[in-house]
Amino acid sequence: MNKEKLALLFGGQSSEHEVSCVSVVTVASALNRDKYDITFIGITKDGHWILVEDESTIANREWEKTIVEAATPEEKEAALEKLPRAIISPDTSHKIIIKRNGTFEERPIDIAFPVLHGLYGEDGTIQGLFELAHIPYVGCGLVSSAVTMDKFFTKVIADSIGVDQAKFVGVRDFEVRDRKTGEDAPELNAVVERIEKERQYPVFVKPSNAGSSVGVTKAHNREELIKGLKIAADNDKKILVEEAIVGREIECAVFGFGAKAFATGVGEILAAAEFYDYDAKYNNEESRTVLDPELPEGKREEIRKTAVDIYRACDCFGLARVDFFLEEGTNRVVFNEINAIPGHTSISMYPMLMERAGHPMSEYVESLLEMAKER
């Protein structure tokens, strides 16, 4: 039997690069190697596409060590020249172009699986390449990837279907910092006053297009707000300043597409920090996840239904994780965000929720690949 030619893409140019390197190893371990001939394509933080032939070097990032450790642009270029490159052609001939030692070869590709988080991987950009090349690919399409990555547009869609969510104020990076000089923008004080007029402290300050809570801060006063705006502006051109919802953090996995989409049970995040930021997620062992936590009557089903409603409204396909708050004192279900390519590390909620629902990773990864071909 001829094996299907599968490309697994990981790394990427986003702040979630390291998480992706771990996620792809987990996904690869669930694949049937008798059915798939896998090409691993690692994308560096600078956007260089590398053919990775030893998958044991992926999670520890040995595959890009010589590039990361290069002290000068010349050393980096020299390191890149020594590594085999792998680029998916936008031509519809379904080819990966391999460059090795100054020579070129072609490798066929039947299907792509982007295990990429954040910008340039989860935001519709790489999905656009697959669409252009007519290559079947796993996960949400171009438009749904873009709108779910951009928290501002996700909020617009959630509003359109009447979903409860945190109230917010939108800010642009040029209102915070001059792009050329790096100095405070003349509008900064006016922006701060506008936020304080519309929202009460504490507030969350978020880049509109970042995942794993990268660049997210909680501001309790004006000084922290200004600092948070500057951190967010370093990560994105659009910023959301949201009311702080005090409550339990609940997540739900959604799988499938259209009328076939279904939600799993729910999980709860018990963050070791004041909120579940990047460090609390991946570096603090005291953060915990609880599957099927006890919830007030009817709230579990409300969360599951709302998760599917948002998933369908965003035209999601394949998989996504939808995050909520259960507000303290009111038990109001408040939508937080949706993630089109959820993490697959050892502590990631999505695979745990799917497993708990009776769908082990080996099963649902195969279903994702079949759905990609069906689309």
# chains A, B, ... in the order shown; residues from 1 in each chain; ligands from 1
call {"tool": "residues_around", "arguments": {"residues": "Leu8 in chain A", "least_positions_apart": "6", "cutoff": "6 Å", "atoms": "only C-alpha atoms", "output": "VMD selection string"}}
result
chain A and resid 40 113 to 114
call {"tool": "select_by_dssp", "arguments": {"residues": "range 35-234 of chain A", "states": "strand (DSSP E or B)", "output": "PyMOL selection string"}}
result
chain A and resi 36-43+49-52+85-88+95-100+103-108+111-114+137+165+168-172+177+184+203-207+217-219
call {"tool": "closest_residue", "arguments": {"among": "A:Lys155, A:Arg356, A:Lys230, A:His117", "to": "Arg172 in chain A", "atoms": "only C-alpha atoms"}}
result
A:Lys230
call {"tool": "closest_residue", "arguments": {"among": "A:Leu80, A:Cys314, A:Val241, A:Val216", "to": "Ser160 in chain A", "atoms": "only C-alpha atoms"}}
result
A:Cys314
call {"tool": "closest_residue", "arguments": {"among": "A:Val191, A:Cys21, A:Val138, A:Ile58", "to": "Glu366 in chain A", "atoms": "only C-alpha atoms"}}
result
A:Val138
call {"tool": "closest_residue", "arguments": {"among": "A:Tyr137, A:Phe255, A:Trp63, A:Phe335", "to": "Lys373 in chain A", "atoms": "only C-alpha atoms"}}
result
A:Tyr137
call {"tool": "closest_residue", "arguments": {"among": "A:Asn221, A:Asn32, A:Thr44, A:Asn336", "to": "Arg199 in chain A", "atoms": "only C-alpha atoms"}}
result
A:Asn221
call {"tool": "closest_residue", "arguments": {"among": "A:Ala259, A:Val254, A:Met354, A:Ile310", "to": "Asp292 in chain A", "atoms": "only C-alpha atoms"}}
result
A:Met354
